[in-house]
>>> print(open('coords.cif').read())   # mmCIF, C-alpha atoms
data_coords
loop_
_atom_site.label_atom_id
_atom_site.label_comp_id
_atom_site.auth_asym_id
_atom_site.auth_seq_id
_atom_site.Cartn_x
_atom_site.Cartn_y
_atom_site.Cartn_z
CA MET Y 67 -23.59 13.48 -1.70
CA SER Y 68 -27.18 12.91 -0.75
CA THR Y 69 -28.54 14.40 2.44
CA LYS Y 70 -30.00 12.73 5.55
CA LEU Y 71 -27.56 9.87 5.64
CA SER Y 72 -27.76 8.15 8.97
CA ASN Y 73 -24.77 6.66 10.73
CA ALA Y 74 -26.20 3.18 10.13
CA ALA Y 75 -26.80 3.88 6.44
CA CYS Y 76 -23.18 5.00 6.10
CA ALA Y 77 -22.01 1.83 7.81
CA ARG Y 78 -23.99 -0.27 5.30
CA LEU Y 79 -22.60 1.70 2.35
CA GLY Y 80 -19.08 1.33 3.72
CA GLU Y 81 -19.41 -2.42 4.16
CA ALA Y 82 -20.91 -2.90 0.69
CA ALA Y 83 -18.24 -0.71 -0.93
CA TRP Y 84 -15.50 -2.61 0.89
CA GLN Y 85 -16.84 -5.91 -0.45
CA ARG Y 86 -16.72 -4.58 -4.02
CA MET Y 87 -13.32 -2.91 -3.90
CA PRO Y 88 -10.23 -4.33 -5.65
CA LYS Y 89 -7.82 -5.19 -2.84
CA VAL Y 90 -4.24 -6.03 -2.03
CA ASN Y 91 -2.59 -7.72 0.94
CA ALA Y 92 -2.60 -5.56 4.07
CA GLU Y 93 0.87 -6.61 5.22
CA LEU Y 94 2.40 -5.70 1.87
CA PHE Y 95 0.68 -2.34 2.17
CA SER Y 96 1.96 -1.91 5.71
CA LEU Y 97 5.55 -2.68 4.68
CA THR Y 98 5.31 -0.42 1.63
CA TYR Y 99 4.03 2.42 3.78
CA GLY Y 100 6.89 1.69 6.18
CA SER Y 101 9.35 2.16 3.30
CA LEU Y 102 7.72 5.48 2.50
CA VAL Y 103 7.97 6.71 6.09
CA THR Y 104 11.58 5.50 6.33
CA GLN Y 105 12.47 7.44 3.19
CA VAL Y 106 10.75 10.59 4.49
CA ILE Y 107 12.58 10.26 7.84
CA LYS Y 108 15.87 10.00 5.97
CA ASP Y 109 15.05 13.05 3.83
CA TYR Y 110 13.59 15.43 6.39
CA GLU Y 111 15.35 14.37 9.60
CA GLU Y 112 13.42 16.68 11.98
CA VAL Y 113 10.24 15.16 13.35
CA ASP Y 114 8.12 18.26 12.71
CA LYS Y 115 9.17 18.36 9.08
CA ILE Y 116 8.57 14.63 8.69
CA ASN Y 117 5.05 15.00 10.06
CA ILE Y 118 4.34 17.87 7.67
CA GLN Y 119 5.67 15.94 4.69
CA LEU Y 120 3.56 12.86 5.50
CA GLU Y 121 0.51 15.10 5.75
CA LYS Y 122 1.31 16.70 2.39
CA MET Y 123 1.66 13.31 0.73
CA GLY Y 124 -1.69 12.36 2.18
CA HIS Y 125 -3.21 15.54 0.78
CA ASN Y 126 -2.08 14.55 -2.73
CA ILE Y 127 -3.65 11.14 -2.26
CA GLY Y 128 -6.88 12.55 -0.82
CA VAL Y 129 -7.57 14.87 -3.76
CA ARG Y 130 -7.54 11.78 -6.00
CA LEU Y 131 -9.18 9.30 -3.65
CA ILE Y 132 -12.35 11.39 -3.29
CA ASP Y 133 -13.34 10.41 -6.84
CA GLU Y 134 -13.11 6.74 -5.92
CA LEU Y 135 -15.19 7.37 -2.82
CA LEU Y 136 -17.94 9.20 -4.69
CA ALA Y 137 -17.94 6.83 -7.67
CA LYS Y 138 -17.82 3.51 -5.86
CA SER Y 139 -19.42 4.02 -2.46
CA GLY Y 140 -22.97 4.51 -3.67
CA LEU Y 141 -23.00 7.97 -2.09
CA GLY Y 142 -23.45 9.65 -5.45
CA SER Y 143 -22.38 13.23 -5.95
CA GLY Y 144 -25.71 14.98 -5.49
CA SER Y 145 -26.51 17.70 -3.00
CA PRO Y 146 -23.89 18.75 -0.47
CA CYS Y 147 -24.10 17.24 2.97
CA THR Y 148 -23.85 18.64 6.47
CA PHE Y 149 -20.64 18.46 8.49
CA ARG Y 150 -22.29 15.79 10.66
CA GLU Y 151 -22.97 13.68 7.58
CA THR Y 152 -19.44 14.31 6.35
CA ALA Y 153 -18.14 12.94 9.64
CA ASP Y 154 -20.13 9.73 9.29
CA ILE Y 155 -19.07 9.32 5.67
CA ILE Y 156 -15.39 9.61 6.62
CA ALA Y 157 -15.61 7.25 9.58
CA LYS Y 158 -18.14 4.72 8.32
CA VAL Y 159 -17.69 4.73 4.55
CA ALA Y 160 -14.15 5.94 3.76
CA PHE Y 161 -12.26 4.24 6.60
CA LYS Y 162 -14.11 1.03 5.84
CA MET Y 163 -13.80 1.00 2.07
CA PHE Y 164 -10.13 2.01 1.94
CA LEU Y 165 -8.62 0.49 5.08
CA ASN Y 166 -11.25 -1.99 6.29
CA ILE Y 167 -11.24 -0.10 9.59
CA ASN Y 168 -14.33 0.31 11.75
CA ALA Y 169 -14.02 3.88 12.99
CA ASP Y 170 -16.34 5.95 15.17
CA VAL Y 171 -17.27 9.61 15.29
CA MET Y 172 -17.22 11.20 18.74
CA ASN Y 173 -16.56 14.35 20.76
CA TRP Y 174 -18.64 16.78 18.75
CA GLU Y 175 -17.63 20.29 19.76
CA ALA Y 176 -19.86 23.38 20.11
CA ASN Y 177 -21.82 24.32 16.98
CA ASP Y 178 -20.58 21.17 15.23
CA ALA Y 179 -17.31 22.95 14.67
CA ALA Y 180 -15.16 19.86 15.11
CA PHE Y 181 -15.38 16.12 15.72
CA THR Y 182 -13.03 13.26 16.47
CA ILE Y 183 -12.62 9.99 14.57
CA ALA Y 184 -11.55 7.12 16.82
CA PHE Y 185 -10.23 3.76 15.66
CA GLY Y 186 -8.16 0.85 16.91
CA ASP Y 187 -5.27 -0.92 15.25
CA SER Y 188 -4.60 0.13 11.69
CA PRO Y 189 -3.15 -2.08 8.95
CA LEU Y 190 -0.74 0.80 8.19
CA ALA Y 191 0.93 0.67 11.58
CA GLU Y 192 1.03 -3.06 12.16
CA PHE Y 193 4.42 -4.29 13.43
CA VAL Y 194 5.60 -0.68 13.91
CA GLN Y 195 7.49 0.44 17.00
CA LEU Y 196 8.77 4.00 17.21
CA PRO Y 197 12.40 4.34 18.32
CA ALA Y 198 13.09 6.69 21.24
CA HIS Y 199 14.22 9.63 19.10
CA LEU Y 200 11.02 9.48 17.04
CA GLN Y 201 8.44 9.45 19.83
CA ASP Y 202 6.84 12.59 18.41
CA LEU Y 203 6.53 11.13 14.93
CA LYS Y 204 2.93 11.01 13.78
CA TYR Y 205 3.37 7.79 11.87
CA LEU Y 206 -0.15 7.84 10.46
CA ASN Y 207 -0.17 11.56 9.67
CA ILE Y 208 -0.73 10.67 6.03
CA ILE Y 209 -4.34 9.90 6.97
CA CYS Y 210 -4.84 13.49 8.18
CA GLY Y 211 -3.63 14.69 4.81
CA VAL Y 212 -5.93 12.33 2.94
CA ILE Y 213 -8.94 13.66 4.86
CA ARG Y 214 -7.94 17.29 4.25
CA GLY Y 215 -7.27 16.70 0.54
CA ALA Y 216 -10.49 14.79 -0.04
CA LEU Y 217 -12.68 17.37 1.72
CA GLU Y 218 -10.98 20.20 -0.15
CA MET Y 219 -12.32 18.66 -3.36
CA VAL Y 220 -15.87 18.92 -2.02
CA GLN Y 221 -15.25 22.54 -1.03
CA THR Y 222 -14.80 21.96 2.68
CA GLU Y 223 -11.67 23.32 4.34
CA VAL Y 224 -10.60 21.46 7.45
CA ASP Y 225 -7.74 21.30 9.93
CA VAL Y 226 -6.94 17.67 10.69
CA THR Y 227 -4.70 16.58 13.55
CA PHE Y 228 -3.65 13.28 15.04
CA THR Y 229 -4.52 13.69 18.74
CA ARG Y 230 -4.08 10.19 20.17
CA ASP Y 231 -1.84 7.45 18.84
CA ILE Y 232 -1.61 3.79 19.80
CA LEU Y 233 2.06 3.87 18.75
CA CYS Y 234 2.65 6.42 21.52
CA GLY Y 235 0.91 4.35 24.17
CA ASP Y 236 -2.64 5.68 23.79
CA GLN Y 237 -5.45 3.16 23.95
CA ARG Y 238 -6.70 4.06 20.50
CA ASN Y 239 -6.02 6.38 17.61
CA GLU Y 240 -7.92 9.64 17.45
CA ILE Y 241 -8.01 12.22 14.67
CA ARG Y 242 -9.62 15.62 15.23
CA VAL Y 243 -11.27 17.28 12.24
CA GLU Y 244 -12.12 20.97 12.53
CA ASN Y 245 -14.37 22.73 10.05
CA ARG Y 246 -12.74 25.85 8.58
CA GLY Y 247 -15.64 26.62 6.27
CA LYS Y 248 -16.03 26.62 2.52
CA VAL Y 249 -12.96 26.44 0.35
CA LYS Y 250 -12.39 29.90 -1.16
CA LEU Y 251 -14.10 30.24 -4.50
CA ALA Y 252 -10.90 31.39 -6.18
CA MET Y 253 -9.74 27.79 -6.11
CA ASN Y 254 -12.57 26.73 -8.37
CA ASP Y 255 -12.62 29.56 -10.88
CA ASP Y 256 -10.55 27.52 -13.30
CA TYR Y 257 -13.19 24.88 -13.56
CA GLY Y 258 -16.17 27.11 -14.38
CA GLU Y 259 -19.64 25.65 -14.65
CA ASN Y 260 -20.31 22.35 -16.33
CA MET T 177 8.59 -25.80 1.74
CA SER T 178 7.33 -29.23 0.79
CA THR T 179 8.52 -30.82 -2.44
CA LYS T 180 6.58 -31.93 -5.52
CA LEU T 181 4.27 -28.96 -5.61
CA SER T 182 2.54 -28.83 -8.95
CA ASN T 183 1.65 -25.61 -10.71
CA ALA T 184 -2.03 -26.34 -10.10
CA ALA T 185 -1.46 -27.05 -6.41
CA CYS T 186 0.35 -23.73 -6.09
CA ALA T 187 -2.54 -21.96 -7.79
CA ARG T 188 -4.97 -23.49 -5.27
CA LEU T 189 -2.77 -22.52 -2.31
CA GLY T 190 -2.44 -18.99 -3.70
CA GLU T 191 -6.18 -18.57 -4.14
CA ALA T 192 -6.94 -19.95 -0.67
CA ALA T 193 -4.27 -17.76 0.95
CA TRP T 194 -5.58 -14.69 -0.88
CA GLN T 195 -9.09 -15.35 0.48
CA ARG T 196 -7.76 -15.51 4.04
CA MET T 197 -5.44 -12.49 3.92
CA PRO T 198 -6.24 -9.18 5.66
CA LYS T 199 -6.61 -6.66 2.87
CA VAL T 200 -6.75 -2.98 2.03
CA ASN T 201 -8.08 -1.04 -0.94
CA ALA T 202 -5.95 -1.47 -4.08
CA GLU T 203 -6.31 2.13 -5.23
CA LEU T 204 -5.12 3.46 -1.88
CA PHE T 205 -2.15 1.11 -2.18
CA SER T 206 -1.48 2.28 -5.72
CA LEU T 207 -1.54 5.95 -4.70
CA THR T 208 0.63 5.28 -1.65
CA TYR T 209 3.16 3.47 -3.79
CA GLY T 210 3.00 6.41 -6.21
CA SER T 211 3.94 8.73 -3.33
CA LEU T 212 6.88 6.49 -2.53
CA VAL T 213 8.15 6.48 -6.12
CA THR T 214 7.67 10.26 -6.37
CA GLN T 215 9.76 10.74 -3.22
CA VAL T 216 12.50 8.45 -4.52
CA ILE T 217 12.53 10.29 -7.87
CA LYS T 218 12.93 13.58 -6.01
CA ASP T 219 15.77 12.18 -3.88
CA TYR T 220 17.80 10.26 -6.44
CA GLU T 221 17.11 12.21 -9.64
CA GLU T 222 18.99 9.87 -12.02
CA VAL T 223 16.88 7.04 -13.39
CA ASP T 224 19.49 4.34 -12.75
CA LYS T 225 19.80 5.36 -9.12
CA ILE T 226 16.03 5.52 -8.73
CA ASN T 227 15.70 1.98 -10.09
CA ILE T 228 18.37 0.73 -7.70
CA GLN T 229 16.74 2.42 -4.72
CA LEU T 230 13.31 0.95 -5.53
CA GLU T 231 14.89 -2.49 -5.78
CA LYS T 232 16.63 -2.00 -2.41
CA MET T 233 13.37 -0.99 -0.76
CA GLY T 234 11.78 -4.09 -2.21
CA HIS T 235 14.60 -6.21 -0.80
CA ASN T 236 13.87 -4.90 2.70
CA ILE T 237 10.21 -5.77 2.24
CA GLY T 238 10.97 -9.21 0.81
CA VAL T 239 13.10 -10.34 3.74
CA ARG T 240 10.09 -9.70 5.99
CA LEU T 241 7.32 -10.83 3.63
CA ILE T 242 8.75 -14.34 3.27
CA ASP T 243 7.61 -15.12 6.84
CA GLU T 244 4.05 -14.16 5.92
CA LEU T 245 4.24 -16.34 2.82
CA LEU T 246 5.51 -19.40 4.70
CA ALA T 247 3.19 -18.91 7.68
CA LYS T 248 -0.05 -18.14 5.87
CA SER T 249 0.14 -19.82 2.48
CA GLY T 250 -0.09 -23.39 3.70
CA LEU T 251 3.31 -24.13 2.11
CA GLY T 252 4.86 -24.87 5.47
CA SER T 253 8.59 -24.55 5.95
CA GLY T 254 9.66 -28.16 5.54
CA SER T 255 12.15 -29.47 3.05
CA PRO T 256 13.69 -27.10 0.50
CA CYS T 257 12.19 -27.03 -2.96
CA THR T 258 13.58 -27.07 -6.46
CA PHE T 259 14.04 -23.89 -8.48
CA ARG T 260 11.08 -24.97 -10.65
CA GLU T 261 8.89 -25.24 -7.56
CA THR T 262 10.21 -21.90 -6.35
CA ALA T 263 9.12 -20.35 -9.65
CA ASP T 264 5.57 -21.67 -9.29
CA ILE T 265 5.39 -20.54 -5.67
CA ILE T 266 6.39 -17.00 -6.62
CA ALA T 267 4.03 -16.75 -9.58
CA LYS T 268 1.06 -18.73 -8.31
CA VAL T 269 1.18 -18.28 -4.53
CA ALA T 270 3.06 -15.05 -3.76
CA PHE T 271 1.75 -12.86 -6.61
CA LYS T 272 -1.76 -14.05 -5.83
CA MET T 273 -1.72 -13.74 -2.05
CA PHE T 274 -0.01 -10.34 -1.94
CA LEU T 275 -1.21 -8.56 -5.08
CA ASN T 276 -4.17 -10.66 -6.28
CA ILE T 277 -2.32 -11.02 -9.59
CA ASN T 278 -2.50 -14.14 -11.74
CA ALA T 279 1.04 -14.52 -12.98
CA ASP T 280 2.61 -17.21 -15.15
CA VAL T 281 6.02 -18.86 -15.27
CA MET T 282 7.59 -19.12 -18.72
CA ASN T 283 10.80 -19.10 -20.76
CA TRP T 284 12.78 -21.63 -18.77
CA GLU T 285 16.42 -21.32 -19.77
CA ALA T 286 19.00 -24.10 -20.12
CA ASN T 287 19.55 -26.22 -17.00
CA ASP T 288 16.69 -24.39 -15.24
CA ALA T 289 19.09 -21.52 -14.68
CA ALA T 290 16.47 -18.80 -15.12
CA PHE T 291 12.77 -18.28 -15.72
CA THR T 292 10.42 -15.42 -16.48
CA ILE T 293 7.30 -14.36 -14.57
CA ALA T 294 4.70 -12.76 -16.81
CA PHE T 295 1.66 -10.80 -15.66
CA GLY T 296 -0.78 -8.20 -16.91
CA ASP T 297 -1.95 -5.02 -15.25
CA SER T 298 -0.79 -4.55 -11.70
CA PRO T 299 -2.66 -2.68 -8.96
CA LEU T 300 0.63 -0.90 -8.20
CA ALA T 301 0.82 0.76 -11.59
CA GLU T 302 -2.82 1.59 -12.17
CA PHE T 303 -3.33 5.15 -13.46
CA VAL T 304 0.43 5.59 -13.93
CA GLN T 305 1.90 7.24 -17.03
CA LEU T 306 5.62 7.78 -17.23
CA PRO T 307 6.70 11.28 -18.35
CA ALA T 308 9.12 11.48 -21.28
CA HIS T 309 12.22 12.01 -19.15
CA LEU T 310 11.45 8.91 -17.07
CA GLN T 311 10.90 6.38 -19.87
CA ASP T 312 13.67 4.21 -18.44
CA LEU T 313 12.19 4.19 -14.97
CA LYS T 314 11.35 0.69 -13.81
CA TYR T 315 8.29 1.75 -11.89
CA LEU T 316 7.65 -1.71 -10.48
CA ASN T 317 11.29 -2.46 -9.69
CA ILE T 318 10.32 -2.82 -6.05
CA ILE T 319 8.84 -6.21 -6.98
CA CYS T 320 12.28 -7.41 -8.20
CA GLY T 321 13.70 -6.46 -4.83
CA VAL T 322 10.92 -8.24 -2.95
CA ILE T 323 11.64 -11.47 -4.86
CA ARG T 324 15.39 -11.18 -4.26
CA GLY T 325 14.95 -10.42 -0.55
CA ALA T 326 12.45 -13.20 0.04
CA LEU T 327 14.54 -15.84 -1.73
CA GLU T 328 17.65 -14.73 0.14
CA MET T 329 15.87 -15.74 3.36
CA VAL T 330 15.43 -19.28 2.02
CA GLN T 331 19.11 -19.40 1.03
CA THR T 332 18.63 -18.83 -2.68
CA GLU T 333 20.56 -16.05 -4.33
CA VAL T 334 18.95 -14.63 -7.47
CA ASP T 335 19.35 -11.80 -9.94
CA VAL T 336 15.96 -10.30 -10.72
CA THR T 337 15.33 -7.88 -13.57
CA PHE T 338 12.29 -6.21 -15.08
CA THR T 339 12.53 -7.16 -18.76
CA ARG T 340 9.17 -6.03 -20.19
CA ASP T 341 6.94 -3.29 -18.87
CA ILE T 342 3.38 -2.35 -19.81
CA LEU T 343 4.19 1.23 -18.78
CA CYS T 344 6.81 1.30 -21.55
CA GLY T 345 4.44 -0.01 -24.21
CA ASP T 346 5.02 -3.75 -23.80
CA GLN T 347 1.99 -6.00 -23.94
CA ARG T 348 2.64 -7.41 -20.51
CA ASN T 349 5.06 -7.20 -17.62
CA GLU T 350 7.88 -9.70 -17.45
CA ILE T 351 10.40 -10.28 -14.68
CA ARG T 352 13.41 -12.53 -15.24
CA VAL T 353 14.72 -14.46 -12.24
CA GLU T 354 18.16 -16.03 -12.54
CA ASN T 355 19.46 -18.58 -10.06
CA ARG T 356 22.84 -17.61 -8.60
CA GLY T 357 23.06 -20.58 -6.26
CA LYS T 358 22.95 -20.97 -2.51
CA VAL T 359 23.37 -17.92 -0.34
CA LYS T 360 26.85 -18.03 1.21
CA LEU T 361 26.81 -19.76 4.56
CA ALA T 362 28.55 -16.85 6.26
CA MET T 363 25.24 -15.01 6.18
CA ASN T 364 23.64 -17.55 8.44
CA ASP T 365 26.36 -18.09 10.99
CA ASP T 366 24.74 -15.61 13.35
CA TYR T 367 21.59 -17.63 13.60
CA GLY T 368 23.11 -21.00 14.49
CA GLU T 369 20.90 -24.05 14.85
CA ASN T 370 17.54 -23.91 16.56
#
>>> encode(input="coords.cif", output="structure tokens")
Amino acid sequence: MSTKLSNAACARLGEAAWQRMPKVNAELFSLTYGSLVTQVIKDYEEVDKINIQLEKMGHNIGVRLIDELLAKSGLGSGSPCTFRETADIIAKVAFKMFLNINADVMNWEANDAAFTIAFGDSPLAEFVQLPAHLQDLKYLNIICGVIRGALEMVQTEVDVTFTRDILCGDQRNEIRVENRGKVKLAMNDDYGEN
Amino acid sequence: MSTKLSNAACARLGEAAWQRMPKVNAELFSLTYGSLVTQVIKDYEEVDKINIQLEKMGHNIGVRLIDELLAKSGLGSGSPCTFRETADIIAKVAFKMFLNINADVMNWEANDAAFTIAFGDSPLAEFVQLPAHLQDLKYLNIICGVIRGALEMVQTEVDVTFTRDILCGDQRNEIRVENRGKVKLAMNDDYGEN
């Protein structure tokens, strides 16, 4: 990724990438994701385990989706970027080009150690209402996994947590992303140098 | 649905509806659907059971998606249509507005009892390769279920089967839809007259 990407530049890249992307109907996507969550609920029963499984599935998606982001967003795959740039790329490029969501970066913590991505209604959660026994379900936890998986592929280890959720009565969705540093080199030894 | 819809009129409605639809990225959809199939494979193990489960999930989606089709396609919900019109609506309107796929109706059988929908690559199956032990998996069987569920809501009972599959080496995908007649009235007694 190239350095010195401004928030506005990311927003332009995100919009342009979104225009170019092959697309499908958002409601079909929403219902398909609903089937996935329903199946996971049936399989794992306990809310904590369901949340973990959704995050894991997201991780698997993220490690593949990063290629699409780098190849089709116009970001290139040049020099590494700062954590602040990473934040803008996630919120302004990735959320836009994959979900057509306008998300914002906020709440930077000391030493740029963590930030929050805030967004409104998501096409994934449209028409969803959580039943009483699933109030702690993080319905969109798959997104946390996608972010973690994608960043892992660019050697950045993060903890990602859903902190506010419209489905639970919050005014908007918020995802906190905490920098855990470089991915350990051992993970990349297999690949060697190109 | 209004009567006397030509194939070309359906194609125009499908294209216009597709332009209007809220959308998401097709690759994200493809990967999310891949997660769903992977989970179902893990849960049901035997290929026949996996195929049945995918079809059932599709049915649940279809009974909801029909509202979107009728509300947003411009078809309206007026007088019932013939099975030939139904075929064109599925291939030219529904496939277009939900998946951005240009599908064709072919192979009409005697007395209009069944037809085949043919289409090329699907965004759902992009990047998919079936492993040797899953050669009989009908990866896109969810689509059969969607068609069955949607038609059930307009009182048409159908058998839907995936008959050719690009993932299994066929040149294109084909889905056969057989008319089983009107849905039994008992199903609608709950609703009464509006």
>>> calpha_fit_rmsd(input="coords.cif", fixed="chain T", moving="chain Y")
0.1 Å
>>> interface_residues(input="coords.cif", of="chain T", to="chain Y", cutoff="6 Å", atoms="only C-alpha atoms", output="list in words")
Pro198, Lys199, Val200, Asn201, Ala202, Leu212, Phe274 and Leu275 of chain T
>>> residues_around(input="coords.cif", residues="Tyr205 of chain Y", least_positions_apart="5", cutoff="10 Å", atoms="only C-alpha atoms", output="NGL selection string")
:Y and (99-100 or 103 or 116-117 or 120-121 or 190-191 or 194-196 or 200 or 228 or 231 or 233-234)
>>> resolve_selection(input="coords.cif", expression="the PyMOL selection byres ((chain T and resi 296) around 7)", output="ChimeraX atom specification")
/T:295,297-298,348-349
>>> write_last_selection(input="coords.cif", atoms="C-alpha atoms", output="JSON list (two decimals), keeping the file's coordinate frame")
[["chain", "number", "residue", "atom", "x", "y", "z"],
["T", 295, "PHE", "CA", 1.66, -10.80, -15.66],
["T", 297, "ASP", "CA", -1.95, -5.02, -15.25],
["T", 298, "SER", "CA", -0.79, -4.55, -11.70],
["T", 348, "ARG", "CA", 2.64, -7.41, -20.51],
["T", 349, "ASN", "CA", 5.06, -7.20, -17.62]]
>>> atom_distance(input="coords.cif", atom1="atom CA of Lys232 of chain T", atom2="atom CA of Leu313 of chain T")
14.7 Å
>>> atom_distance(input="coords.cif", atom1="atom CA of Lys218 of chain T", atom2="atom CA of Lys108 of chain Y")
12.8 Å
